[in-house]
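To be precise, the following lines are start38.txt, and they hold compact mmCIF, C-alpha atoms.
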# COMPACT_ATOMS: atom_id res chain seq x y z
CA MET A 28 108.48 93.70 131.23
CA ASP A 29 109.13 95.12 134.70
CA LEU A 30 110.44 91.73 135.85
CA ILE A 31 112.82 91.48 132.88
CA PHE A 32 114.08 95.00 133.64
CA PHE A 33 114.65 94.02 137.27
CA LEU A 34 116.56 90.85 136.30
CA VAL A 35 118.78 92.76 133.87
CA PHE A 36 119.34 95.55 136.40
CA SER A 37 120.29 93.10 139.14
CA PHE A 38 122.55 91.08 136.87
CA VAL A 39 124.42 94.22 135.75
CA LEU A 40 124.91 95.26 139.39
CA LEU A 41 126.30 91.84 140.25
CA LEU A 42 128.65 91.89 137.25
CA ILE A 43 129.96 95.35 138.14
CA SER A 44 130.50 94.23 141.72
CA ALA A 45 132.37 91.11 140.60
CA PHE A 46 134.68 92.93 138.19
CA LYS A 47 135.28 95.99 140.38
CA GLY A 48 135.82 93.95 143.53
CA TYR A 49 132.96 95.53 145.52
CA PHE A 50 131.49 93.60 148.43
CA ILE A 51 128.71 91.54 146.84
CA VAL A 52 126.20 92.25 149.63
CA TYR A 53 125.84 95.87 148.45
CA PRO A 54 124.38 95.06 145.00
CA LEU A 55 122.34 92.25 146.56
CA LEU A 56 120.73 94.70 149.00
CA ILE A 57 120.03 97.17 146.18
CA SER A 58 118.51 94.35 144.11
CA ILE A 59 116.31 93.06 146.92
CA THR A 60 115.06 96.62 147.53
CA ALA A 61 114.21 96.91 143.83
CA LEU A 62 112.43 93.55 144.00
CA PHE A 63 110.38 94.73 146.99
CA LEU A 64 109.30 97.84 145.04
CA LEU A 65 108.39 95.76 141.99
CA LEU A 66 106.28 93.34 144.03
CA LEU A 67 104.59 96.15 145.99
CA LYS A 68 103.60 97.62 142.63
CA ARG A 69 102.13 94.22 141.70
CA GLY A 70 99.93 94.23 144.81
CA PHE A 71 101.90 92.19 147.35
CA ARG A 72 101.76 93.44 150.94
CA LEU A 73 104.97 94.64 152.59
CA ASN A 74 104.57 92.45 155.68
CA LYS A 75 104.05 89.41 153.42
CA LEU A 76 107.27 90.14 151.53
CA PHE A 77 109.24 90.56 154.75
CA ALA A 78 107.81 87.26 156.01
CA LEU A 79 108.87 85.47 152.82
CA ALA A 80 112.36 87.00 153.01
CA TRP A 81 112.70 86.00 156.66
CA ASN A 82 111.51 82.45 156.01
CA GLY A 83 114.07 82.18 153.23
CA SER A 84 116.90 83.52 155.41
CA LYS A 85 116.08 81.14 158.25
CA LYS A 86 117.03 78.26 155.97
CA SER A 87 120.57 79.64 155.79
CA PHE A 88 121.32 79.39 159.51
CA SER A 89 122.56 75.79 159.32
CA VAL A 90 124.80 76.74 156.38
CA ILE A 91 126.19 79.72 158.31
CA TYR A 92 126.94 77.45 161.26
CA ILE A 93 129.04 75.24 158.98
CA LEU A 94 130.81 78.26 157.46
CA LEU A 95 131.77 79.55 160.91
CA LEU A 96 132.98 76.08 161.88
CA ILE A 97 135.15 75.98 158.76
CA GLY A 98 136.80 79.23 159.85
CA ALA A 99 137.47 77.72 163.28
CA VAL A 100 138.78 74.44 161.81
CA ILE A 101 141.29 76.23 159.57
CA SER A 102 142.65 78.21 162.54
CA ILE A 103 142.94 75.21 164.84
CA TRP A 104 144.64 73.19 162.10
CA MET A 105 147.20 75.99 161.89
CA THR A 106 147.89 76.13 165.63
CA ALA A 107 147.99 72.33 165.86
CA GLY A 108 150.55 72.24 163.05
CA THR A 109 148.26 70.09 160.87
CA VAL A 110 148.41 72.29 157.77
CA PRO A 111 152.15 73.00 158.16
CA ALA A 112 152.75 69.23 158.51
CA ILE A 113 150.78 68.47 155.34
CA VAL A 114 152.90 71.07 153.56
CA TYR A 115 156.08 69.64 155.13
CA TYR A 116 155.38 66.09 153.94
CA GLY A 117 153.70 67.09 150.69
CA ILE A 118 156.63 69.15 149.45
CA GLN A 119 158.83 66.09 149.74
CA PHE A 120 156.58 63.85 147.64
CA ILE A 121 155.01 66.08 144.95
CA HIS A 122 157.21 66.63 141.90
CA PRO A 123 157.39 70.33 140.86
CA SER A 124 156.74 69.51 137.19
CA TYR A 125 153.46 67.78 138.04
CA PHE A 126 152.24 70.04 140.84
CA ILE A 127 149.09 71.45 139.16
CA VAL A 128 147.80 68.06 138.03
CA SER A 129 148.71 66.63 141.46
CA ALA A 130 146.68 69.40 143.11
CA PHE A 131 143.68 68.47 140.94
CA ILE A 132 143.96 64.73 141.63
CA LEU A 133 144.60 65.07 145.38
CA SER A 134 141.63 67.45 145.78
CA LEU A 135 139.52 65.05 143.71
CA LEU A 136 140.38 62.08 145.91
CA VAL A 137 139.82 63.93 149.19
CA SER A 138 136.47 65.33 147.99
CA LEU A 139 135.38 61.87 146.84
CA LEU A 140 136.18 60.55 150.30
CA ILE A 141 134.61 63.29 152.45
CA GLY A 142 131.95 64.53 150.00
CA THR A 143 132.35 68.26 150.63
CA SER A 144 134.03 70.87 148.47
CA PHE A 145 134.33 73.32 151.37
CA GLY A 146 135.96 70.68 153.55
CA THR A 147 138.36 69.75 150.74
CA VAL A 148 139.58 73.28 150.03
CA SER A 149 139.88 74.09 153.73
CA THR A 150 142.11 71.05 154.33
CA ILE A 151 144.25 69.77 151.46
CA GLY A 152 143.44 72.90 149.41
CA ILE A 153 145.05 75.33 151.83
CA ALA A 154 148.12 73.12 152.15
CA LEU A 155 148.51 73.00 148.35
CA MET A 156 148.15 76.77 148.04
CA ILE A 157 150.84 77.25 150.68
CA MET A 158 153.15 74.88 148.79
CA ALA A 159 152.67 76.88 145.57
CA SER A 160 153.02 80.32 147.19
CA GLY A 161 156.22 82.14 146.42
CA SER A 162 156.61 80.48 143.03
CA SER A 163 156.25 82.31 139.72
CA VAL A 164 153.15 80.30 138.79
CA ASN A 165 149.85 82.20 138.77
CA PRO A 166 148.13 81.19 142.05
CA GLN A 167 144.77 81.30 140.27
CA ILE A 168 145.83 78.25 138.23
CA THR A 169 146.48 76.30 141.43
CA ALA A 170 143.20 77.52 142.95
CA GLY A 171 141.30 76.54 139.78
CA ALA A 172 142.74 73.01 139.86
CA ILE A 173 141.96 72.62 143.58
CA ILE A 174 138.37 73.90 143.33
CA ALA A 175 137.69 71.83 140.19
CA GLY A 176 138.93 68.71 141.99
CA ALA A 177 136.94 69.59 145.10
CA TYR A 178 133.71 69.62 143.11
CA PHE A 179 134.33 66.15 141.68
CA GLY A 180 133.34 64.66 145.03
CA ASP A 181 130.75 67.34 145.72
CA ARG A 182 129.07 66.13 142.53
CA CYS A 183 129.35 62.35 142.82
CA SER A 184 130.41 61.26 146.29
CA PRO A 185 127.76 59.25 148.18
CA MET A 186 128.49 61.53 151.14
CA SER A 187 127.95 64.76 149.23
CA SER A 188 125.19 66.99 150.60
CA SER A 189 124.28 68.23 147.11
CA ALA A 190 124.15 64.68 145.71
CA ASN A 191 121.92 63.61 148.59
CA LEU A 192 119.73 66.70 148.18
CA ILE A 193 119.18 65.89 144.50
CA ALA A 194 118.40 62.26 145.33
CA ILE A 195 115.79 63.42 147.85
CA ILE A 196 114.03 65.99 145.66
CA THR A 197 114.00 63.70 142.61
CA GLN A 198 113.03 60.64 144.69
CA THR A 199 115.93 58.59 143.35
CA LYS A 200 118.54 56.33 144.97
CA ILE A 201 121.85 58.01 145.69
CA HIS A 202 124.03 55.03 144.74
CA THR A 203 122.27 54.60 141.38
CA ASN A 204 122.80 58.31 140.73
CA VAL A 205 126.48 57.99 141.63
CA ARG A 206 127.01 55.15 139.15
CA ARG A 207 125.35 57.20 136.40
CA MET A 208 127.35 60.30 137.30
CA LEU A 209 130.62 58.39 137.20
CA ALA A 210 129.69 57.09 133.74
CA THR A 211 129.10 60.65 132.47
CA THR A 212 132.30 62.04 133.99
CA VAL A 213 134.89 59.87 132.22
CA TYR A 214 135.57 62.15 129.24
CA PRO A 215 135.51 65.43 131.24
CA LEU A 216 137.82 63.90 133.85
CA VAL A 217 140.33 62.59 131.29
CA ALA A 218 140.28 65.88 129.37
CA SER A 219 140.75 67.93 132.57
CA THR A 220 143.63 65.74 133.73
CA ILE A 221 145.39 66.10 130.38
CA VAL A 222 144.97 69.89 130.40
CA TYR A 223 146.29 70.17 133.97
CA LEU A 224 149.19 67.88 133.10
CA LEU A 225 150.18 70.08 130.16
CA ILE A 226 149.86 73.22 132.31
CA SER A 227 151.95 71.55 135.02
CA ILE A 228 154.77 70.71 132.62
CA ALA A 229 154.72 74.25 131.18
CA ASN A 230 154.52 75.84 134.66
CA PRO A 231 156.59 73.82 137.15
CA VAL A 232 156.11 74.98 140.75
CA GLU A 233 159.64 75.27 142.09
CA PHE A 234 159.72 74.63 145.82
CA GLU A 235 162.45 75.94 148.03
CA ARG A 236 162.32 72.52 149.65
CA GLN A 237 165.10 72.86 152.16
CA SER A 238 164.27 76.36 153.37
CA ILE A 239 160.50 75.73 153.67
CA THR A 240 160.79 72.37 155.44
CA SER A 241 163.49 73.59 157.81
CA GLU A 242 161.49 76.72 158.65
CA ILE A 243 158.33 74.67 159.30
CA ALA A 244 160.34 72.32 161.52
CA ARG A 245 161.68 75.34 163.42
CA LEU A 246 158.24 76.88 163.99
CA PHE A 247 156.20 73.72 164.63
CA ASN A 248 156.62 70.31 166.17
CA VAL A 249 156.12 68.21 163.03
CA ASN A 250 155.17 64.55 163.44
CA LEU A 251 152.39 62.19 162.45
CA ILE A 252 150.37 62.97 165.60
CA VAL A 253 149.63 66.50 164.40
CA LEU A 254 147.86 65.01 161.37
CA LEU A 255 145.16 63.54 163.63
CA PRO A 256 142.68 66.45 163.17
CA ALA A 257 142.75 65.85 159.39
CA PHE A 258 142.56 62.09 159.80
CA ALA A 259 139.53 62.52 162.10
CA ILE A 260 137.67 64.53 159.43
CA LEU A 261 138.39 61.91 156.78
CA LEU A 262 137.48 58.95 158.98
CA LEU A 263 134.25 60.44 160.34
CA ALA A 264 133.18 61.54 156.85
CA TRP A 265 133.80 58.02 155.58
CA LEU A 266 131.68 56.72 158.48
CA ARG A 267 128.97 59.18 157.35
CA VAL A 268 129.04 61.16 160.58
CA GLU A 269 127.39 64.56 160.15
CA ILE A 270 129.96 67.11 158.97
CA LYS A 271 129.24 69.52 161.86
CA ILE A 272 130.03 66.81 164.40
CA SER A 273 133.14 65.80 162.42
CA MET A 274 134.44 69.35 162.49
CA LEU A 275 133.76 69.75 166.21
CA VAL A 276 135.67 66.52 166.92
CA SER A 277 138.54 67.74 164.73
CA ILE A 278 138.59 71.08 166.58
CA LEU A 279 138.68 69.31 169.95
CA ILE A 280 141.59 67.07 168.88
CA GLY A 281 143.40 70.08 167.41
CA LEU A 282 142.90 72.00 170.63
CA PHE A 283 144.73 69.36 172.69
CA ILE A 284 147.54 69.11 170.15
CA SER A 285 147.89 72.91 170.03
CA ILE A 286 148.31 73.04 173.81
CA PHE A 287 150.35 69.94 174.61
CA ILE A 288 152.46 69.53 171.45
CA GLN A 289 152.74 73.00 169.90
CA GLY A 290 152.75 74.88 173.20
CA TYR A 291 150.07 77.50 172.51
CA SER A 292 148.05 78.91 175.39
CA LEU A 293 144.25 78.81 175.47
CA THR A 294 144.16 82.60 175.13
CA GLU A 295 146.24 82.49 171.95
CA ILE A 296 144.23 79.62 170.50
CA PHE A 297 140.85 81.30 171.03
CA ARG A 298 142.17 84.55 169.60
CA TYR A 299 143.26 82.69 166.48
CA ILE A 300 139.92 80.84 166.28
CA PHE A 301 138.06 84.14 166.12
CA LEU A 302 140.52 86.42 164.31
CA GLY A 303 142.50 83.94 162.20
CA PHE A 304 145.97 82.48 162.60
CA GLU A 305 149.19 84.40 162.06
CA LEU A 306 152.79 83.80 163.06
CA THR A 307 153.94 86.20 165.76
CA GLU A 308 157.67 85.86 165.15
CA ASP A 309 159.66 86.92 162.10
CA SER A 310 159.73 84.20 159.49
CA SER A 311 159.84 83.79 155.72
CA LEU A 312 156.52 81.93 156.11
CA LYS A 313 154.76 84.75 157.97
CA ASN A 314 152.78 85.82 154.89
CA ILE A 315 152.16 82.22 153.80
CA ILE A 316 151.01 80.23 156.84
CA LEU A 317 148.04 82.26 158.00
CA GLY A 318 144.27 82.51 157.66
CA GLY A 319 141.07 81.00 158.97
CA GLY A 320 139.06 82.44 161.81
CA ILE A 321 135.36 82.77 162.45
CA PHE A 322 135.35 86.45 161.50
CA SER A 323 136.82 85.63 158.08
CA MET A 324 133.52 83.89 157.27
CA ALA A 325 131.31 86.73 158.51
CA ARG A 326 131.21 88.50 155.13
CA VAL A 327 130.35 85.27 153.35
CA SER A 328 127.61 84.62 155.91
CA LEU A 329 126.02 87.98 155.05
CA VAL A 330 125.94 86.93 151.38
CA VAL A 331 124.20 83.69 152.35
CA ILE A 332 121.56 85.48 154.46
CA VAL A 333 120.65 88.00 151.74
CA SER A 334 120.70 85.42 148.92
CA THR A 335 118.41 83.03 150.78
CA ALA A 336 116.05 85.93 151.42
CA PHE A 337 115.91 86.34 147.64
CA ALA A 338 115.09 82.66 147.22
CA GLY A 339 112.31 82.90 149.79
CA ILE A 340 110.71 85.77 147.87
CA PHE A 341 111.10 84.02 144.50
CA ALA A 342 109.52 80.83 145.82
CA GLY A 343 106.72 82.54 147.76
CA THR A 344 105.61 84.95 145.03
CA LYS A 345 106.12 82.50 142.12
CA ILE A 346 107.30 85.30 139.85
CA LEU A 347 109.55 82.99 137.82
CA GLU A 348 106.74 80.86 136.40
CA TYR A 349 107.31 82.38 132.96
CA VAL A 350 110.47 80.26 132.72
CA ARG A 351 108.29 77.18 132.23
CA VAL A 352 106.99 78.69 128.98
CA PHE A 353 110.57 78.95 127.71
CA LEU A 354 111.29 75.33 128.67
CA LYS A 355 108.34 73.99 126.68
CA LYS A 356 110.22 74.90 123.49
CA ALA A 357 112.93 72.34 124.30
CA LYS A 358 111.89 69.06 122.63
CA SER A 359 115.07 67.08 121.97
CA ARG A 360 117.17 65.52 124.73
CA SER A 361 120.14 67.81 124.03
CA ASN A 362 117.99 70.96 123.87
CA LEU A 363 116.33 70.07 127.17
CA PHE A 364 119.77 69.56 128.76
CA LEU A 365 120.91 72.90 127.31
CA ALA A 366 117.79 74.58 128.71
CA THR A 367 118.47 73.00 132.12
CA ASN A 368 121.98 74.46 132.00
CA LEU A 369 120.68 77.93 131.14
CA VAL A 370 118.10 77.79 133.93
CA GLY A 371 120.81 76.49 136.28
CA ILE A 372 123.12 79.40 135.44
CA ALA A 373 120.32 81.90 136.04
CA ALA A 374 119.31 80.20 139.30
CA ALA A 375 122.94 80.12 140.46
CA ALA A 376 123.38 83.79 139.56
CA PHE A 377 120.26 85.02 141.33
CA GLY A 378 120.06 82.44 144.10
CA CYS A 379 123.73 82.93 145.02
CA THR A 380 123.97 79.50 146.68
CA GLN A 381 124.28 76.04 145.16
CA THR A 382 121.40 74.72 147.27
CA ILE A 383 118.98 77.41 146.11
CA ALA A 384 120.13 76.98 142.51
CA ILE A 385 119.45 73.22 142.70
CA LEU A 386 116.00 73.70 144.24
CA LEU A 387 114.94 76.42 141.79
CA THR A 388 116.23 74.54 138.74
CA GLU A 389 114.58 71.25 139.71
CA GLU A 390 111.28 72.99 140.41
CA LEU A 391 111.32 74.76 137.03
CA VAL A 392 112.47 71.93 134.75
CA LYS A 393 110.94 68.76 136.22
CA ASP A 394 107.58 69.02 134.42
CA ASN A 395 109.28 69.22 131.05
CA TYR A 396 111.27 66.06 131.77
CA TYR A 397 108.07 64.19 132.53
CA LYS A 398 106.44 65.50 129.34
CA ASN A 399 109.44 64.25 127.34
CA ASN A 400 109.20 60.80 128.96
CA LEU A 401 112.50 61.20 130.85
CA ASP A 402 112.56 59.54 134.25
CA ASN A 403 113.73 60.98 137.58
CA TYR A 404 117.18 59.40 137.26
CA GLN A 405 117.82 61.30 134.03
CA LEU A 406 116.62 64.48 135.72
CA ALA A 407 118.92 63.83 138.70
CA VAL A 408 122.01 63.25 136.55
CA ASP A 409 121.25 66.30 134.41
CA LEU A 410 121.03 68.46 137.54
CA GLU A 411 124.40 67.08 138.69
CA ASN A 412 125.90 67.73 135.25
CA SER A 413 124.61 71.30 135.08
CA VAL A 414 123.68 73.41 138.07
CA VAL A 415 125.94 71.61 140.59
CA VAL A 416 129.13 72.23 138.61
CA LEU A 417 128.07 75.60 137.17
CA SER A 418 127.27 77.27 140.49
CA PRO A 419 130.97 77.66 141.48
CA LEU A 420 131.58 79.48 138.17
CA ILE A 421 129.32 82.36 139.23
CA PRO A 422 131.70 84.80 141.02
CA TRP A 423 129.19 85.83 143.69
CA ASN A 424 127.68 82.38 144.31
CA ILE A 425 128.97 81.03 147.62
CA ALA A 426 129.76 77.71 145.89
CA GLY A 427 132.76 79.49 144.37
CA LEU A 428 133.03 82.50 146.69
CA VAL A 429 133.62 80.43 149.85
CA PRO A 430 136.37 78.18 148.38
CA ALA A 431 138.06 81.24 146.85
CA THR A 432 137.90 83.02 150.22
CA ILE A 433 139.32 79.99 152.02
CA LEU A 434 142.18 79.78 149.50
CA MET A 435 142.78 83.54 149.90
CA THR A 436 142.12 84.25 146.23
CA ASP A 437 139.24 85.62 144.12
CA SER A 438 137.14 84.82 141.06
CA GLY A 439 140.30 84.71 138.91
CA PHE A 440 140.33 80.95 139.48
CA ILE A 441 137.27 80.46 137.24
CA PRO A 442 139.04 80.21 133.83
CA PHE A 443 141.25 77.45 135.25
CA ALA A 444 138.50 75.28 136.80
CA PHE A 445 138.36 73.21 133.60
CA TYR A 446 136.49 70.21 134.96
CA LEU A 447 133.54 72.39 135.99
CA TYR A 448 132.68 73.46 132.47
CA PHE A 449 133.96 70.33 130.73
CA VAL A 450 131.20 68.30 132.44
CA PRO A 451 128.20 70.11 130.86
CA LEU A 452 130.03 70.68 127.54
CA PHE A 453 131.07 67.06 127.00
CA ASN A 454 127.66 65.74 128.03
CA TYR A 455 125.84 68.18 125.73
CA PHE A 456 127.97 67.28 122.71
CA GLU A 457 127.63 63.58 123.48
CA MET A 458 123.83 63.97 123.40
CA ARG A 459 124.05 65.86 120.11
CA ILE A 460 126.22 63.12 118.57
CA LYS A 461 123.80 60.41 119.67
CA GLU A 462 120.86 62.34 118.22
CA GLY A 463 122.77 62.81 114.96
CA THR A 464 123.49 59.09 114.67
CA GLY A 465 119.97 58.12 115.73
CA LYS A 466 121.05 56.22 118.85

Rewrite the structure of this file - the entire thing - as structure tokens.
Amino acid sequence: MDLIFFLVFSFVLLLISAFKGYFIVYPLLISITALFLLLLKRGFRLNKLFALAWNGSKKSFSVIYILLLIGAVISIWMTAGTVPAIVYYGIQFIHPSYFIVSAFILSLLVSLLIGTSFGTVSTIGIALMIMASGSSVNPQITAGAIIAGAYFGDRCSPMSSSANLIAIITQTKIHTNVRRMLATTVYPLVASTIVYLLISIANPVEFERQSITSEIARLFNVNLIVLLPAFAILLLAWLRVEIKISMLVSILIGLFISIFIQGYSLTEIFRYIFLGFELTEDSSLKNIILGGGIFSMARVSLVVIVSTAFAGIFAGTKILEYVRVFLKKAKSRSNLFLATNLVGIAAAAFGCTQTIAILLTEELVKDNYYKNNLDNYQLAVDLENSVVVLSPLIPWNIAGLVPATILMTDSGFIPFAFYLYFVPLFNYFEMRIKEGTGK
């Protein structure tokens, strides 16, 4: 009973924080303090709990390194003129009446190529948001389409870290998983595209083409060379070079372009890398072309540290074992998939990171798959069709929090990320139909 009270208490705190706009670390710290008190009451030693929390947090350091690199990449792409150039060329090719659906499809294609949602939103995503800024269209719609597209590749690209993680923990082959995931994504993808197309037609994004392109050309030296930092990321990702190395290479290329083509000094560039980019002269784009910076990711990094401490305590104390009892009640294929989704939502809500949510969900549901004679490939695809796409829909989970932060928006994007909840819904109803017809 005390554990249920703690879970409800923590969940309410997180909900209040999300809806009131409070910094999510505050309720997380209150919750982890309450968890410490609960476990001390159950007989765990304080030094043991601190050790578990520390061991959990240590696992986040590599993630934090990537987050800080993303902040630096965004800034250097601004100073190099990469993002402004993408906007400059993109405005000339994307039709205003099909902007939202174009944002979804472009994000989808980039994420499929590079395999990272964070990398997608911090490259093509930012450019698309800048294009849409200043129009009457709700920016959350654009953000929802971008983030939904970004998670297409995060779910089923062979280069996706989450797809590879699931292949490792389920002992399956990544390319077999990808083929199965593509087969289960057809209906959600078609439905999402249709919805975004209808929204696009009803909400055309009117560009001030001439004024924006002329102002970008005045502020930056726009040519194909300045696109090299983006091209480097895409090429190295396709060659399966580690994302950290890819970003460092992109930063190095952007540094040279910033100095020798855009004319920024090293002092200016390093200030922007740490504090974020902003235009120093008066311009209609001053409140549009900005952002990035290592410090912009500091708050998100704190969320990662505290949330992974939670995961370390959950794993070390095994206090969530009661969930297995709940899962034993799921006998049919559709009910087991529904139970996996519910566990995935809970894991995403309390783990606060997609990685932790995947690990917790797999650990809790795998035995029931074996008991129902479902192989590891079915478990792998179910994880991809549940916890992977549901994690970004939790406002405080960094799977959605980081992309929203990068796009300079908030959790308001969630109702418009149609693909993310179409995937589990369509797959669940397909299972129900097959069970009803006896197939």

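What separates CA of Tyr116 (chain A) from CA of Asp181 (chain A) is a distance of 26.0 Å.
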
Shortest interatomic distance to Asn399 (chain A) - which of A:Asn82, A:Asn368, A:Ser413, A:Ser361, counting all atoms listed in the file
A:Ser361

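Closest approach to Ser84 (chain A) among A:Ala338, A:Ile385, A:Leu447, A:Ile332 is made by A:Ile332 (distances from all atoms listed in the file).
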
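Between CA of Leu434 (chain A) and CA of Ile57 (chain A) the separation is 28.4 Å.
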
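Take the candidates A:Ser328, A:Ser277, A:Asn454, A:Ser227 and check each one against Tyr214 (chain A) using all atoms listed in the file; the shortest distance goes to A:Asn454.
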
Spatial neighbours of Ala407 (chain A), 7 Å, all atoms listed in the file, chain gap at least 6 places, as a PyMOL selection string:
chain A and resi 193-194+197

Can you write out as CSV which residues of region 111-145 of chain A fall within 6 Å of region 152-176 of chain A, alongside each residue's closest atom pair and its distance in Å to one decimal, counting all atoms listed in the file and ordering rows by chain and ascending residue number?
residue,atom,partner,partner_atom,distance
A:Val114,CA,A:Ala154,CA,5.4
A:Ile127,CA,A:Thr169,CA,6.0
A:Ala130,CA,A:Ile173,CA,5.7
A:Phe131,CA,A:Ala172,CA,4.8
A:Ser134,CA,A:Gly176,CA,4.8
A:Leu135,CA,A:Gly176,CA,4.1

With C-alpha atoms retained, could you export that selection as a PDB file, in the frame of the given file?
ATOM      1  CA  VAL A 114     152.900  71.070 153.560  1.00  0.00           C
ATOM      2  CA  ILE A 127     149.090  71.450 139.160  1.00  0.00           C
ATOM      3  CA  ALA A 130     146.680  69.400 143.110  1.00  0.00           C
ATOM      4  CA  PHE A 131     143.680  68.470 140.940  1.00  0.00           C
ATOM      5  CA  SER A 134     141.630  67.450 145.780  1.00  0.00           C
ATOM      6  CA  LEU A 135     139.520  65.050 143.710  1.00  0.00           C
TER       7      LEU A 135
END

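Proximity to Ile280 (chain A) was assessed for A:Val205, A:Leu417, A:Ala107, A:Met435 counting only C-alpha atoms; the smallest distance is recorded for A:Ala107.
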
Point-to-point distance from CA of Phe77 (chain A) to CA of Leu62 (chain A), Å rounded to tenths:
11.6 Å

Test item: residues at most 7 Å from Phe304 (chain A), all atoms listed in the file, excluding those fewer than 5 positions along its chain, as a short mmCIF file (atom, residue, chain, number, x, y, z; two decimals) with C-alpha atoms, in the coordinates of the input:
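Output (result07.cif):
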data_model
loop_
_atom_site.label_atom_id
_atom_site.label_comp_id
_atom_site.auth_asym_id
_atom_site.auth_seq_id
_atom_site.Cartn_x
_atom_site.Cartn_y
_atom_site.Cartn_z
CA SER A 102 142.65 78.21 162.54
CA MET A 105 147.20 75.99 161.89
CA TYR A 299 143.26 82.69 166.48
CA LEU A 317 148.04 82.26 158.00
CA GLY A 318 144.27 82.51 157.66
CA GLY A 319 141.07 81.00 158.97
CA GLY A 320 139.06 82.44 161.81
#

Taking all heavy atoms as the atom set, what does region 389-394 of chain A look like once completed, written as a CSV table (one decimal), in the coordinates of the input?
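Result went into part06.csv, see below:
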chain,number,residue,atom,x,y,z
A,389,GLU,N,115.4,72.5,139.7
A,389,GLU,CA,114.6,71.2,139.7
A,389,GLU,C,113.1,71.6,139.6
A,389,GLU,O,112.3,71.0,138.9
A,389,GLU,CB,114.9,70.4,141.0
A,389,GLU,CG,114.3,69.1,141.0
A,389,GLU,CD,112.9,69.0,141.6
A,389,GLU,OE1,112.5,70.0,142.3
A,389,GLU,OE2,112.2,68.0,141.3
A,390,GLU,N,112.7,72.6,140.4
A,390,GLU,CA,111.3,73.0,140.4
A,390,GLU,C,110.8,73.5,139.0
A,390,GLU,O,109.7,73.2,138.6
A,390,GLU,CB,111.1,74.1,141.4
A,390,GLU,CG,109.7,74.6,141.5
A,390,GLU,CD,108.6,73.6,142.0
A,390,GLU,OE1,109.0,72.7,142.7
A,390,GLU,OE2,107.5,73.7,141.6
A,391,LEU,N,111.7,74.2,138.3
A,391,LEU,CA,111.3,74.8,137.0
A,391,LEU,C,111.4,73.8,135.9
A,391,LEU,O,110.7,73.9,134.9
A,391,LEU,CB,112.2,76.0,136.7
A,391,LEU,CG,112.0,77.2,137.7
A,391,LEU,CD1,113.1,78.2,137.5
A,391,LEU,CD2,110.6,77.8,137.4
A,392,VAL,N,112.3,72.8,135.9
A,392,VAL,CA,112.5,71.9,134.8
A,392,VAL,C,111.8,70.6,134.9
A,392,VAL,O,111.6,69.9,133.8
A,392,VAL,CB,114.0,71.7,134.5
A,392,VAL,CG1,114.7,73.0,134.3
A,392,VAL,CG2,114.6,70.8,135.5
A,393,LYS,N,111.4,70.1,136.0
A,393,LYS,CA,110.9,68.8,136.2
A,393,LYS,C,109.7,68.4,135.4
A,393,LYS,O,109.7,67.3,134.8
A,393,LYS,CB,110.6,68.5,137.7
A,393,LYS,CG,109.5,69.3,138.3
A,393,LYS,CD,109.3,69.0,139.8
A,393,LYS,CE,108.2,69.8,140.4
A,393,LYS,NZ,108.0,69.5,141.8
A,394,ASP,N,108.8,69.3,135.2
A,394,ASP,CA,107.6,69.0,134.4
A,394,ASP,C,107.9,68.7,133.0
A,394,ASP,O,107.3,67.8,132.3
A,394,ASP,CB,106.6,70.2,134.5
A,394,ASP,CG,105.9,70.3,135.8
A,394,ASP,OD1,106.0,69.3,136.6
A,394,ASP,OD2,105.3,71.4,136.1
